[in-house]
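Asker: Provided herewith is a single structure, encoded as C-alpha cells, for subsequent inquiry.
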Amino acid sequence: MPKILFFLGKGGVGKSTVSSLTAVHLAKQNKKVVLTSLDPAHNLSDIFETEFSDRPKEPISGLRIIEIDQDKWIKKYLKESEQQFSKAYSYLTTFSLESNFSVMQYAPGIEEYALLLAFQQIQEKNKSVDFLIFDMPPTALTLKFFALPQLSLLWLGKLLELRKEIAKKQKIISTLKLGRESLERDRVMQNIEKQVRFWRGLNHIFQDDKKSYSLLVQNPDKLSQKEGQRIIDKMESLKMPELHKILNKAKLDDDRRYLTVLPTDLNLFGLANLTAAANKINYKPLLQKISE
Amino acid sequence: MLLLKNIYSKIKNLFKDIDAIHRQKAIEDMEWEVQELKHIFALATMGNFIGMPSAPLPITFEMLPDMHEEFAIMLSKINTAHSPLSDHFSKLDVT
C-alpha cells in the first residue's frame with residue numbers, strides 16, 4: 001500500500017514547488033510516485049513546463065502527474081445524482097430537475113466532496129505505487145476536505161439513531177397488525193450503513209499515521225506562521241496525525257536566496273537530505289539539479 | 001345453564017371488541033408517530049432544500065433515491081403548514 005503525503009499551507013508558500021521537488025527526488029530513488037494537484041489553481045504545468053490533465057502523464061521515469069479538473073468532477077457527480085433522482089422520481093415530471101441541479105454545483109459541501117471522490121479514485125487505481133503525493137488547495141478548502149468525513153459520520157450517526165427508532169416502532173405496528181414482523185427491509189437504513197462504511201474508510205486513511213503524512217509548508221513570515229498555527233490547531237481538533245513542518249523560502253546570508261528545509265523526522269523517506277538552493281525562476285533546471 | 005353460557009359469551013365478545021378498538025387506536029397513534037418521525041428524518045436529511053440546516057448535501061443526494069415516502073410526507077406537510085395545530089388537535093380528538 002502506498003504512503004500518502006499531503007502538502008498543506010497558506011496560498012503561495014510553495015506547496016506545489018516543494019511537493020514537486022519531493023516527487024522528483026523520490027522518483028529518482030527508483031520509487032513509483034503519483035503526484036496529484038487537487039488545487040483548482042494548478043501550478044504543476046508551470047513547474048514541469050508540460051500540460052497535465054486528469055489523465056496521468058509521466059514527465060520523468062517513475063513519476064506520474066495528474067491535475068484534477070474539479071469542475072468536471074462536480075458535474076460528473078451531479079449528473080449521476082440527477083440520473084438516479086430521475087429514475088426514482090419519474091412521476092414528478094413537472095419538477096424541473098436540470099435547473100435545480102445546475103445550481104447545486106455551488107452548494108456548500110460539493111467542492112470538497114468532488115475532491116474526495118477524486119482522491120478515492122486515485123487511491124483505488126494506484127495501489128501498487130510507493131508514494132501518492134497530493135498538492136492540496138489553499139487552507140479553507142483543504143480543511144473542509146479533511147473535515148467532511150468526520151462531519152458526515154456525525155450526521156449519519158444521528159440519522160441512524162433516528163432511523164432505528166422508526167424501525168422499532170414499525171416492527172411493533174407490523175406485529176400488532178400481522179402477528180409477525182414485516183419482511184420488507186429498510187432501504188434507507190441500508191443506505192445509511194453503506195455511507196458510514198464509505199466515510200469511515202476515508203477517515204481511517206486520513207487518521208492512520210503509518211499511511212498518511214501531512215506536511216505543512218511555511219515561509220519565514222508572520223502571516224504564513226499564523227495561518228500555519230491555525231491549520232495545526234484545526235487538524236488537531238480533527239484528530240489528524242501530527243503535521244510535519246517544512247520551511248520554504250528561508251533567506252540565507254550568502255548568495256543563495258531560497259532554501260527549503262525539511263524536518264529530520266522525514267528521514268525515513270530519505271527526504272531530510274533534500275534541500276534546494278536556487279533562484280525562484282526556472283524550476284526545471286532546479287528539479288534536474290535536485291534530482292542529480 | 002345455557003343462559004349463563006350465552007351471557008358469558010356475550011361479555012367475552014364485548015371485551016374482545018373493546019380490545020380490538022383499543023388496539024386499532026394504538027396502531028393509529030403509533031402510525032401517526034412513525035409518520036412524524038419520518039417527517040423529522042426528512043427534514044434532518046433534506047432540510048437544505050427549504051433553508052434549514054441539515055446533513056451535508058452529499059449525504060442527502062445519496063439517500064434521496066430511497067426516500068420516496070419521506071419526500072411525499074414532507075410535501076404533504078407543506079399543505080398543512082398553514083394550520084399546524086389542526087393535525088395535532090384531530091389526533092388528540094379535541095373538537
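Naming scheme: A, B, ... for chains in displayed order of the C-alpha cells; residues 1 onward per chain; ligands 1 onward as shown.
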Please report as a tab-separated table every residue of chain B lying within 8 Å of chain A, along with the nearest atom pair and their distance in Å (one decimal), using only C-alpha atoms.

Answerer:
residue	atom	partner	partner_atom	distance
B:Arg23	CA	A:Leu176	CA	7.8
B:Ile27	CA	A:Ile173	CA	6.1
B:Met30	CA	A:Lys169	CA	7.1
B:Glu31	CA	A:Ile173	CA	7.4
B:Val34	CA	A:Ile166	CA	6.0
B:Leu37	CA	A:Ile166	CA	6.6
B:Lys38	CA	A:Ile166	CA	7.3
B:Phe41	CA	A:Leu162	CA	7.0
B:Ala44	CA	A:Leu159	CA	7.6
B:Thr45	CA	A:Leu159	CA	8.0
B:Ala55	CA	A:Trp155	CA	6.0
B:Pro56	CA	A:Gly109	CA	6.3
B:Leu57	CA	A:Gly109	CA	6.4
B:Pro58	CA	A:Ile110	CA	7.0
B:Ile59	CA	A:Ser152	CA	7.3
B:Phe61	CA	A:Ser81	CA	6.5
B:Glu62	CA	A:Ser81	CA	7.6
B:Met63	CA	A:Asn191	CA	6.4
B:Leu64	CA	A:Phe85	CA	7.0
B:Pro65	CA	A:Ala88	CA	5.3
B:Asp66	CA	A:Val188	CA	5.8
B:Met67	CA	A:Val188	CA	6.8
B:His68	CA	A:Tyr89	CA	7.7

Asker: Find the residues around Ala72 (chain B) up to 12 Å (only C-alpha atoms counted), leave out those fewer than 2 positions away in its own chain, and share them as a list in words.

Answerer: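 After dropping sequence-adjacent residues, the list is Tyr89, Tyr91 and Leu92 of chain A; Gln35, Lys38, His39, Ala42, Leu43, Leu64, Asp66, Met67, His68, Glu69, Glu70, Met74, Leu75, Ser76, Lys77, Ile78 and Asn79 of chain B.
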
Asker: Please run DSSP on the backbone and report, as number ranges by chain, all residues within chain B that come out as alpha helix (DSSP H).

Answerer: B: 2-46, 57-63, 68-79, 84-91

Asker: Would you work out the distance separating CA of Lys210 (chain A) from CA of Lys15 (chain A), expressed in Å to one decimal?

Answerer: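 Pair CA of Lys210 (chain A) / CA of Lys15 (chain A) returns 22.0 Å.
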
Asker: Do a neighbour search on Leu243 (chain A) at 10 Å with only C-alpha atoms, toss out local chain neighbours closer than 5 positions, and write the hits as a PyMOL selection string.

Answerer: chain A and resi 6-8+209+213-217+231-232+235-236

Asker: Emit the selected residues as a PDB file, in the first residue's frame, including N, CA and C atoms.

Answerer:
ATOM      1  N   PHE A   6       0.399  14.590   2.034  1.00  0.00           N
ATOM      2  CA  PHE A   6      -0.417  15.764   1.727  1.00  0.00           C
ATOM      3  C   PHE A   6       0.420  17.003   2.024  1.00  0.00           C
ATOM      4  N   PHE A   7       0.523  17.907   1.040  1.00  0.00           N
ATOM      5  CA  PHE A   7       1.251  19.157   1.250  1.00  0.00           C
ATOM      6  C   PHE A   7       0.233  20.280   1.447  1.00  0.00           C
ATOM      7  N   LEU A   8       0.227  20.835   2.673  1.00  0.00           N
ATOM      8  CA  LEU A   8      -0.735  21.888   3.007  1.00  0.00           C
ATOM      9  C   LEU A   8      -0.019  23.195   3.285  1.00  0.00           C
ATOM     10  N   ASP A 209      -1.444   7.252  11.000  1.00  0.00           N
ATOM     11  CA  ASP A 209      -0.134   7.906  10.848  1.00  0.00           C
ATOM     12  C   ASP A 209       0.937   6.985  10.253  1.00  0.00           C
ATOM     13  N   TYR A 213       0.733  11.148   5.723  1.00  0.00           N
ATOM     14  CA  TYR A 213       1.595  12.164   6.332  1.00  0.00           C
ATOM     15  C   TYR A 213       1.155  13.519   5.806  1.00  0.00           C
ATOM     16  N   SER A 214       0.908  14.453   6.752  1.00  0.00           N
ATOM     17  CA  SER A 214       0.551  15.807   6.328  1.00  0.00           C
ATOM     18  C   SER A 214       1.748  16.707   6.546  1.00  0.00           C
ATOM     19  N   LEU A 215       2.172  17.365   5.478  1.00  0.00           N
ATOM     20  CA  LEU A 215       3.356  18.227   5.545  1.00  0.00           C
ATOM     21  C   LEU A 215       2.925  19.677   5.388  1.00  0.00           C
ATOM     22  N   LEU A 216       3.181  20.463   6.421  1.00  0.00           N
ATOM     23  CA  LEU A 216       2.780  21.866   6.424  1.00  0.00           C
ATOM     24  C   LEU A 216       3.931  22.722   5.914  1.00  0.00           C
ATOM     25  N   VAL A 217       3.708  23.356   4.764  1.00  0.00           N
ATOM     26  CA  VAL A 217       4.742  24.218   4.179  1.00  0.00           C
ATOM     27  C   VAL A 217       4.530  25.637   4.699  1.00  0.00           C
ATOM     28  N   ILE A 231      -3.911  26.038  11.000  1.00  0.00           N
ATOM     29  CA  ILE A 231      -4.053  24.721  10.342  1.00  0.00           C
ATOM     30  C   ILE A 231      -3.728  23.617  11.341  1.00  0.00           C
ATOM     31  N   ILE A 232      -2.654  23.811  12.116  1.00  0.00           N
ATOM     32  CA  ILE A 232      -2.244  22.796  13.107  1.00  0.00           C
ATOM     33  C   ILE A 232      -3.369  22.593  14.125  1.00  0.00           C
ATOM     34  N   MET A 235      -6.349  20.782  12.517  1.00  0.00           N
ATOM     35  CA  MET A 235      -6.056  19.374  12.239  1.00  0.00           C
ATOM     36  C   MET A 235      -6.012  18.563  13.539  1.00  0.00           C
ATOM     37  N   GLU A 236      -5.558  19.223  14.610  1.00  0.00           N
ATOM     38  CA  GLU A 236      -5.550  18.553  15.925  1.00  0.00           C
ATOM     39  C   GLU A 236      -6.969  18.287  16.375  1.00  0.00           C
TER      40      GLU A 236
END

Asker: Among region 10-211 of chain A, which ones does DSSP place in strand (DSSP E), written as a JSON list (two decimals) with C-alpha atoms, in the first residue's frame?

Answerer:
[["chain", "number", "residue", "atom", "x", "y", "z"],
["A", 33, "VAL", "CA", 5.30, 8.05, -7.44],
["A", 34, "VAL", "CA", 1.98, 9.65, -8.41],
["A", 35, "LEU", "CA", 1.82, 13.41, -7.85],
["A", 36, "THR", "CA", -1.69, 14.90, -7.97],
["A", 37, "SER", "CA", -2.72, 18.52, -7.79],
["A", 57, "LYS", "CA", 1.44, 11.80, -17.67],
["A", 58, "GLU", "CA", 4.96, 10.61, -16.98],
["A", 59, "PRO", "CA", 7.42, 13.53, -17.49],
["A", 60, "ILE", "CA", 10.14, 11.71, -15.54],
["A", 63, "LEU", "CA", 6.73, 9.80, -11.74],
["A", 64, "ARG", "CA", 3.17, 10.20, -13.00],
["A", 65, "ILE", "CA", 1.43, 13.56, -12.64],
["A", 66, "ILE", "CA", -2.29, 14.34, -12.56],
["A", 67, "GLU", "CA", -4.10, 17.67, -12.36],
["A", 131, "PHE", "CA", 4.02, 7.17, -2.89],
["A", 132, "LEU", "CA", 0.87, 9.17, -3.55],
["A", 133, "ILE", "CA", 1.62, 12.86, -3.21],
["A", 134, "PHE", "CA", -1.15, 15.44, -3.08],
["A", 135, "ASP", "CA", -0.60, 19.15, -3.68]]

Asker: Between CA of Ala118 (chain A) and CA of Asp69 (chain A), what distance in Å does the model show, to one decimal?

Answerer: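 One can read the CA of Ala118 (chain A) to CA of Asp69 (chain A) distance as 9.2 Å.
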